[in-house]
Amino acid sequence: MPGWTPWIYGLPSLALGVKQFLFNGSPTHRGKGQNFWDHLSENKVTYIFIASSDVHEMEFLNIVPGPNTNLDCLKIITLSGSPPLAKDYNFLLDKVKKDMFVGSVYGSTELMATFSAIDLNMPAYACESQVPALGVDLRCFDSEGNSVVGHRGEMVITTPTPSFPIYLWGDKNNERMRESYFIKYGTGIWCQNDDGYFNPETKGFSIIGRSDNILKQYGQTLSPDDIYVAIDHIKELKDYVCVCQDSVCDDPRNILFVQLKEGCAFTPEVQEEIKKSIQQELSALSIPEVIMEVPGIPRNINRKRMESLVKKIVMTNTIPEVTNIRNPDCLKYFCDIPEIVHYK
């Protein structure tokens, strides 16, 4: 089935007699004196399943309930689509409604299923999924294939579940599926290519980002999301993407591309604040070797940053064929950059 899991996530609830409210449009839209929260109030919505990226945008544009908006009906919000940030929880609980449950759901479009579940009898912690879903043997593996807790690693499923795909469309002899999901740890271990960890204190787990977009520099490895969390508070930045540039003759290095808000300039002060924030949140070694401004950052149709696409352009200086992008015009800004092209 093509598409994105969150688009069909709610369909099974119809079998339970649940009445669904479908909001067709941008949650940040304002019209006729109403916003997203007013629509939820009018229709007495009790549960919301929403993309983390939409919450980011609502916070940025200050889409909050009005003084006369009654959200007594709203009990639960679950976030998905991309790893949530602590500020998403703060926004929802401080600016939307204090007495409600906010949780994180981790899933996979390939499986058209969720790997995690919500348990209202357990506490929920910011940025963490509470428990694996029923029938999902979810683990975190280190590079040697050992199951680890309290350390970052690859999120894997070690036992088949009913929603596992049998094959991929047009994939002869299952070669593509083996290369994408089974080659890292061998037959029988599904590797989702996500970086995460299990918290030994809360027993929950967090997803950090895609492991196939890993950053490498000065012998250190980290996720692009580590960089994003460190600089997310900088008010001059509108968007950003960080990728690793590999080299045949030299060490790999990380490149941070930033898009500034309208009216802001890429001044030495802004650059210094970026470096200082990364150093304080991570380390001095984590500061990308190259930080440069671009007019736009590519996002796919699900509003996710396209690190893999940017890296392909950085490594080849050519724009590959891509169909699931919202803003293809920005890709040309990543080509023919002397500082990148001449790094061999």
# chains A, B, ... in the order shown; residues from 1 in each chain; ligands from 1
>>> select_by_dssp(residues="region 241-294 of chain A", states="strand (DSSP E or B)", output="list of chain:residue names")
A:Val241, A:Cys242, A:Val243, A:Cys244, A:Gln245, A:Arg253, A:Asn254, A:Ile255, A:Leu256, A:Phe257, A:Val258, A:Gln259, A:Leu260, A:Val290, A:Ile291, A:Met292, A:Glu293
>>> write_last_selection(atoms="N, CA, C and O atoms", output="PDB file, in the first residue's frame")
ATOM      1  N   VAL A 241      19.575  21.442   7.911  1.00  0.00           N
ATOM      2  CA  VAL A 241      19.822  20.027   7.630  1.00  0.00           C
ATOM      3  C   VAL A 241      21.325  19.787   7.745  1.00  0.00           C
ATOM      4  O   VAL A 241      22.136  20.625   7.338  1.00  0.00           O
ATOM      5  N   CYS A 242      21.697  18.650   8.332  1.00  0.00           N
ATOM      6  CA  CYS A 242      23.110  18.339   8.551  1.00  0.00           C
ATOM      7  C   CYS A 242      23.424  16.976   7.945  1.00  0.00           C
ATOM      8  O   CYS A 242      22.701  16.002   8.175  1.00  0.00           O
ATOM      9  N   VAL A 243      24.500  16.911   7.164  1.00  0.00           N
ATOM     10  CA  VAL A 243      24.900  15.667   6.503  1.00  0.00           C
ATOM     11  C   VAL A 243      26.407  15.486   6.637  1.00  0.00           C
ATOM     12  O   VAL A 243      27.143  16.429   6.943  1.00  0.00           O
ATOM     13  N   CYS A 244      26.831  14.260   6.389  1.00  0.00           N
ATOM     14  CA  CYS A 244      28.256  13.943   6.411  1.00  0.00           C
ATOM     15  C   CYS A 244      28.793  13.899   4.984  1.00  0.00           C
ATOM     16  O   CYS A 244      28.181  13.292   4.107  1.00  0.00           O
ATOM     17  N   GLN A 245      29.929  14.549   4.757  1.00  0.00           N
ATOM     18  CA  GLN A 245      30.605  14.478   3.470  1.00  0.00           C
ATOM     19  C   GLN A 245      31.806  13.545   3.592  1.00  0.00           C
ATOM     20  O   GLN A 245      32.770  13.848   4.295  1.00  0.00           O
ATOM     21  N   ARG A 253      33.679  14.689   7.142  1.00  0.00           N
ATOM     22  CA  ARG A 253      33.336  15.897   7.894  1.00  0.00           C
ATOM     23  C   ARG A 253      31.837  16.151   7.774  1.00  0.00           C
ATOM     24  O   ARG A 253      31.175  15.682   6.840  1.00  0.00           O
ATOM     25  N   ASN A 254      31.308  16.896   8.726  1.00  0.00           N
ATOM     26  CA  ASN A 254      29.890  17.207   8.731  1.00  0.00           C
ATOM     27  C   ASN A 254      29.647  18.616   8.220  1.00  0.00           C
ATOM     28  O   ASN A 254      30.445  19.530   8.476  1.00  0.00           O
ATOM     29  N   ILE A 255      28.552  18.778   7.493  1.00  0.00           N
ATOM     30  CA  ILE A 255      28.173  20.070   6.929  1.00  0.00           C
ATOM     31  C   ILE A 255      26.774  20.415   7.414  1.00  0.00           C
ATOM     32  O   ILE A 255      25.837  19.621   7.250  1.00  0.00           O
ATOM     33  N   LEU A 256      26.628  21.574   8.017  1.00  0.00           N
ATOM     34  CA  LEU A 256      25.330  22.055   8.477  1.00  0.00           C
ATOM     35  C   LEU A 256      24.860  23.186   7.569  1.00  0.00           C
ATOM     36  O   LEU A 256      25.511  24.212   7.453  1.00  0.00           O
ATOM     37  N   PHE A 257      23.741  22.946   6.896  1.00  0.00           N
ATOM     38  CA  PHE A 257      23.117  23.971   6.063  1.00  0.00           C
ATOM     39  C   PHE A 257      21.979  24.598   6.866  1.00  0.00           C
ATOM     40  O   PHE A 257      21.159  23.876   7.451  1.00  0.00           O
ATOM     41  N   VAL A 258      21.924  25.913   6.892  1.00  0.00           N
ATOM     42  CA  VAL A 258      20.875  26.585   7.652  1.00  0.00           C
ATOM     43  C   VAL A 258      20.109  27.555   6.759  1.00  0.00           C
ATOM     44  O   VAL A 258      20.678  28.190   5.869  1.00  0.00           O
ATOM     45  N   GLN A 259      18.822  27.629   6.978  1.00  0.00           N
ATOM     46  CA  GLN A 259      17.960  28.613   6.325  1.00  0.00           C
ATOM     47  C   GLN A 259      17.512  29.608   7.379  1.00  0.00           C
ATOM     48  O   GLN A 259      16.988  29.220   8.428  1.00  0.00           O
ATOM     49  N   LEU A 260      17.718  30.878   7.119  1.00  0.00           N
ATOM     50  CA  LEU A 260      17.375  31.906   8.092  1.00  0.00           C
ATOM     51  C   LEU A 260      15.963  32.433   7.868  1.00  0.00           C
ATOM     52  O   LEU A 260      15.420  32.375   6.761  1.00  0.00           O
ATOM     53  N   VAL A 290      31.799  22.533   8.585  1.00  0.00           N
ATOM     54  CA  VAL A 290      31.303  23.552   7.659  1.00  0.00           C
ATOM     55  C   VAL A 290      29.873  23.928   8.059  1.00  0.00           C
ATOM     56  O   VAL A 290      29.030  23.052   8.243  1.00  0.00           O
ATOM     57  N   ILE A 291      29.633  25.219   8.197  1.00  0.00           N
ATOM     58  CA  ILE A 291      28.287  25.733   8.465  1.00  0.00           C
ATOM     59  C   ILE A 291      28.017  26.818   7.438  1.00  0.00           C
ATOM     60  O   ILE A 291      28.765  27.802   7.357  1.00  0.00           O
ATOM     61  N   MET A 292      26.973  26.644   6.627  1.00  0.00           N
ATOM     62  CA  MET A 292      26.710  27.619   5.578  1.00  0.00           C
ATOM     63  C   MET A 292      25.215  27.854   5.393  1.00  0.00           C
ATOM     64  O   MET A 292      24.380  27.017   5.740  1.00  0.00           O
ATOM     65  N   GLU A 293      24.898  29.011   4.843  1.00  0.00           N
ATOM     66  CA  GLU A 293      23.510  29.400   4.628  1.00  0.00           C
ATOM     67  C   GLU A 293      23.029  28.961   3.248  1.00  0.00           C
ATOM     68  O   GLU A 293      23.774  29.017   2.274  1.00  0.00           O
TER      69      GLU A 293
END
>>> select_by_dssp(residues="region 22-132 of chain A", states="helix (DSSP H, G or I)", output="list in words")
Phe36, Trp37, Asp38, His39, Leu40, Ser41, Glu42, Ser52, Ser53, Asp54, Val55, His56, Glu57, Met58, Glu59, Phe60, Ala86, Lys87, Asp88, Tyr89, Asn90, Phe91, Leu92, Leu93, Asp94, Lys95 and Val96 of chain A
>>> write_last_selection(atoms="N, CA, C and O atoms", output="compact mmCIF listing (two decimals), in the first residue's frame")
# COMPACT_ATOMS: atom_id res chain seq x y z
N PHE A 36 -7.28 25.42 14.45
CA PHE A 36 -7.38 23.97 14.61
C PHE A 36 -8.07 23.58 15.91
O PHE A 36 -8.94 22.70 15.94
N TRP A 37 -7.70 24.22 17.01
CA TRP A 37 -8.23 23.86 18.32
C TRP A 37 -9.72 24.17 18.44
O TRP A 37 -10.45 23.46 19.14
N ASP A 38 -10.18 25.20 17.75
CA ASP A 38 -11.62 25.51 17.76
C ASP A 38 -12.42 24.40 17.09
O ASP A 38 -13.52 24.05 17.54
N HIS A 39 -11.88 23.84 16.02
CA HIS A 39 -12.57 22.74 15.33
C HIS A 39 -12.66 21.50 16.24
O HIS A 39 -13.68 20.80 16.25
N LEU A 40 -11.61 21.24 17.00
CA LEU A 40 -11.64 20.11 17.92
C LEU A 40 -12.69 20.35 19.01
O LEU A 40 -13.41 19.42 19.40
N SER A 41 -12.77 21.57 19.48
CA SER A 41 -13.74 21.91 20.52
C SER A 41 -15.17 21.74 20.02
O SER A 41 -16.01 21.14 20.69
N GLU A 42 -15.45 22.27 18.83
CA GLU A 42 -16.80 22.20 18.27
C GLU A 42 -17.27 20.77 18.06
O GLU A 42 -18.45 20.44 18.25
N SER A 52 4.45 15.06 14.62
CA SER A 52 5.28 15.96 15.42
C SER A 52 5.62 17.23 14.67
O SER A 52 5.68 18.31 15.25
N SER A 53 5.83 17.11 13.36
CA SER A 53 6.17 18.29 12.56
C SER A 53 5.05 19.32 12.57
O SER A 53 5.31 20.53 12.51
N ASP A 54 3.79 18.87 12.65
CA ASP A 54 2.68 19.81 12.72
C ASP A 54 2.69 20.57 14.04
O ASP A 54 2.36 21.76 14.10
N VAL A 55 3.08 19.88 15.11
CA VAL A 55 3.17 20.55 16.41
C VAL A 55 4.28 21.58 16.39
O VAL A 55 4.13 22.69 16.94
N HIS A 56 5.43 21.24 15.75
CA HIS A 56 6.52 22.22 15.62
C HIS A 56 5.99 23.50 14.97
O HIS A 56 6.26 24.62 15.42
N GLU A 57 5.23 23.31 13.88
CA GLU A 57 4.76 24.45 13.11
C GLU A 57 3.72 25.26 13.88
O GLU A 57 3.71 26.49 13.83
N MET A 58 2.86 24.58 14.62
CA MET A 58 1.86 25.29 15.43
C MET A 58 2.52 26.12 16.51
O MET A 58 2.10 27.24 16.80
N GLU A 59 3.57 25.57 17.12
CA GLU A 59 4.29 26.34 18.14
C GLU A 59 4.96 27.56 17.51
O GLU A 59 4.89 28.66 18.05
N PHE A 60 5.57 27.36 16.33
CA PHE A 60 6.27 28.45 15.66
C PHE A 60 5.32 29.59 15.31
O PHE A 60 5.66 30.77 15.43
N ALA A 86 11.27 17.73 23.25
CA ALA A 86 10.73 18.08 24.56
C ALA A 86 9.85 19.32 24.48
O ALA A 86 8.84 19.44 25.18
N LYS A 87 10.21 20.24 23.59
CA LYS A 87 9.43 21.48 23.50
C LYS A 87 8.04 21.22 22.93
O LYS A 87 7.12 22.02 23.15
N ASP A 88 7.85 20.12 22.18
CA ASP A 88 6.51 19.76 21.70
C ASP A 88 5.59 19.46 22.88
O ASP A 88 4.43 19.90 22.91
N TYR A 89 6.11 18.71 23.83
CA TYR A 89 5.33 18.39 25.03
C TYR A 89 5.05 19.67 25.83
O TYR A 89 3.94 19.87 26.33
N ASN A 90 6.07 20.51 25.96
CA ASN A 90 5.89 21.75 26.71
C ASN A 90 4.82 22.64 26.07
O ASN A 90 3.99 23.23 26.76
N PHE A 91 4.85 22.72 24.74
CA PHE A 91 3.86 23.54 24.04
C PHE A 91 2.45 23.00 24.27
O PHE A 91 1.53 23.76 24.59
N LEU A 92 2.27 21.69 24.11
CA LEU A 92 0.94 21.11 24.24
C LEU A 92 0.41 21.21 25.67
O LEU A 92 -0.78 21.49 25.88
N LEU A 93 1.27 20.99 26.64
CA LEU A 93 0.81 20.99 28.02
C LEU A 93 0.77 22.38 28.65
O LEU A 93 0.00 22.62 29.59
N ASP A 94 1.56 23.30 28.14
CA ASP A 94 1.57 24.67 28.68
C ASP A 94 0.64 25.61 27.94
O ASP A 94 0.02 26.49 28.53
N LYS A 95 0.54 25.44 26.61
CA LYS A 95 -0.20 26.39 25.80
C LYS A 95 -1.55 25.86 25.30
O LYS A 95 -2.40 26.64 24.90
N VAL A 96 -1.72 24.53 25.31
CA VAL A 96 -2.98 23.97 24.79
C VAL A 96 -3.87 23.49 25.93
O VAL A 96 -4.97 24.00 26.13
>>> closest_residue(among="A:Ser247, A:Glu307, A:Tyr47, A:Gln34", to="Ser13 (chain A)", atoms="only C-alpha atoms")
A:Tyr47
>>> residues_around(residues="Lys44 (chain A)", least_positions_apart="6", cutoff="9 Å", atoms="only C-alpha atoms", output="MDAnalysis selection string")
chainID A and resid 71:74
>>> closest_atom_pairs(of="region 183-241 of chain A", to="region 132-146 of chain A", cutoff="12 Å", atoms="only C-alpha atoms", output="tab-separated table")
residue	atom	partner	partner_atom	distance
A:Ile183	CA	A:Gly145	CA	12.0
A:Lys184	CA	A:Gly145	CA	8.9
A:Tyr185	CA	A:Gly145	CA	6.4
A:Gly186	CA	A:Gly145	CA	9.5
A:Gly188	CA	A:Asp137	CA	11.8
A:Ile189	CA	A:Gly145	CA	9.6
A:Trp190	CA	A:Leu138	CA	9.6
A:Cys191	CA	A:Phe141	CA	9.2
A:Gln192	CA	A:Leu138	CA	10.3
A:Asn193	CA	A:Cys140	CA	11.0
A:Asp194	CA	A:Cys140	CA	9.7
A:Asp195	CA	A:Cys140	CA	8.6
A:Gly196	CA	A:Cys140	CA	7.0
A:Tyr197	CA	A:Cys140	CA	6.2
A:Phe198	CA	A:Cys140	CA	7.0
A:Asn199	CA	A:Cys140	CA	10.7
A:Lys203	CA	A:Pro132	CA	10.2
A:Gly204	CA	A:Pro132	CA	8.5
A:Phe205	CA	A:Pro132	CA	8.7
A:Ser206	CA	A:Cys140	CA	10.4
A:Ile207	CA	A:Cys140	CA	10.4
A:Ser211	CA	A:Ser143	CA	11.5
>>> residues_around(residues="region 218-223 of chain A", least_positions_apart="2", cutoff="8 Å", atoms="only C-alpha atoms", output="PyMOL selection string")
chain A and resi 195+208-211+213-216+225-227+251-253+285-286
>>> residues_around(residues="Ser104 (chain A)", least_positions_apart="5", cutoff="8 Å", atoms="only C-alpha atoms", output="mmCIF file with N, CA and C atoms, in the first residue's frame")
data_model
loop_
_atom_site.group_PDB
_atom_site.id
_atom_site.type_symbol
_atom_site.label_atom_id
_atom_site.label_comp_id
_atom_site.auth_asym_id
_atom_site.auth_seq_id
_atom_site.Cartn_x
_atom_site.Cartn_y
_atom_site.Cartn_z
ATOM 1 N N THR A 78 -1.399 11.865 20.754
ATOM 2 C CA THR A 78 -0.223 11.053 20.454
ATOM 3 C C THR A 78 0.519 11.664 19.273
ATOM 4 N N LEU A 79 1.839 11.703 19.385
ATOM 5 C CA LEU A 79 2.712 12.295 18.379
ATOM 6 C C LEU A 79 3.402 11.185 17.603
ATOM 7 N N SER A 80 3.592 11.405 16.303
ATOM 8 C CA SER A 80 4.264 10.403 15.485
ATOM 9 C C SER A 80 4.792 11.067 14.230
ATOM 10 N N PRO A 84 9.642 13.252 18.385
ATOM 11 C CA PRO A 84 9.192 14.499 19.009
ATOM 12 C C PRO A 84 10.293 15.130 19.844
ATOM 13 N N ILE A 118 0.452 2.731 23.595
ATOM 14 C CA ILE A 118 0.132 3.666 24.668
ATOM 15 C C ILE A 118 -0.461 2.882 25.837
ATOM 16 N N CYS A 127 9.478 12.702 24.906
ATOM 17 C CA CYS A 127 10.333 12.140 23.855
ATOM 18 C C CYS A 127 10.442 10.618 23.903
ATOM 19 N N GLU A 128 9.708 9.952 24.792
ATOM 20 C CA GLU A 128 9.799 8.502 24.902
ATOM 21 C C GLU A 128 8.484 7.827 24.540
ATOM 22 N N SER A 129 8.592 6.670 23.883
ATOM 23 C CA SER A 129 7.457 5.760 23.756
ATOM 24 C C SER A 129 7.446 4.873 24.993
ATOM 25 N N GLN A 130 6.260 4.565 25.487
ATOM 26 C CA GLN A 130 6.175 3.872 26.768
ATOM 27 C C GLN A 130 6.577 2.402 26.696
#
>>> atom_distance(atom1="CA of Pro200 (chain A)", atom2="CA of Gly81 (chain A)")
24.5 Å
>>> closest_residue(among="A:Asn317, A:Ser82, A:Asn43, A:Gln217", to="Cys335 (chain A)", atoms="only C-alpha atoms")
A:Asn317
>>> atom_distance(atom1="CA of Thr46 (chain A)", atom2="CA of Asp99 (chain A)")
12.5 Å
>>> residues_around(residues="Thr323 (chain A)", least_positions_apart="4", cutoff="10 Å", atoms="only C-alpha atoms", output="count of residues only")
3
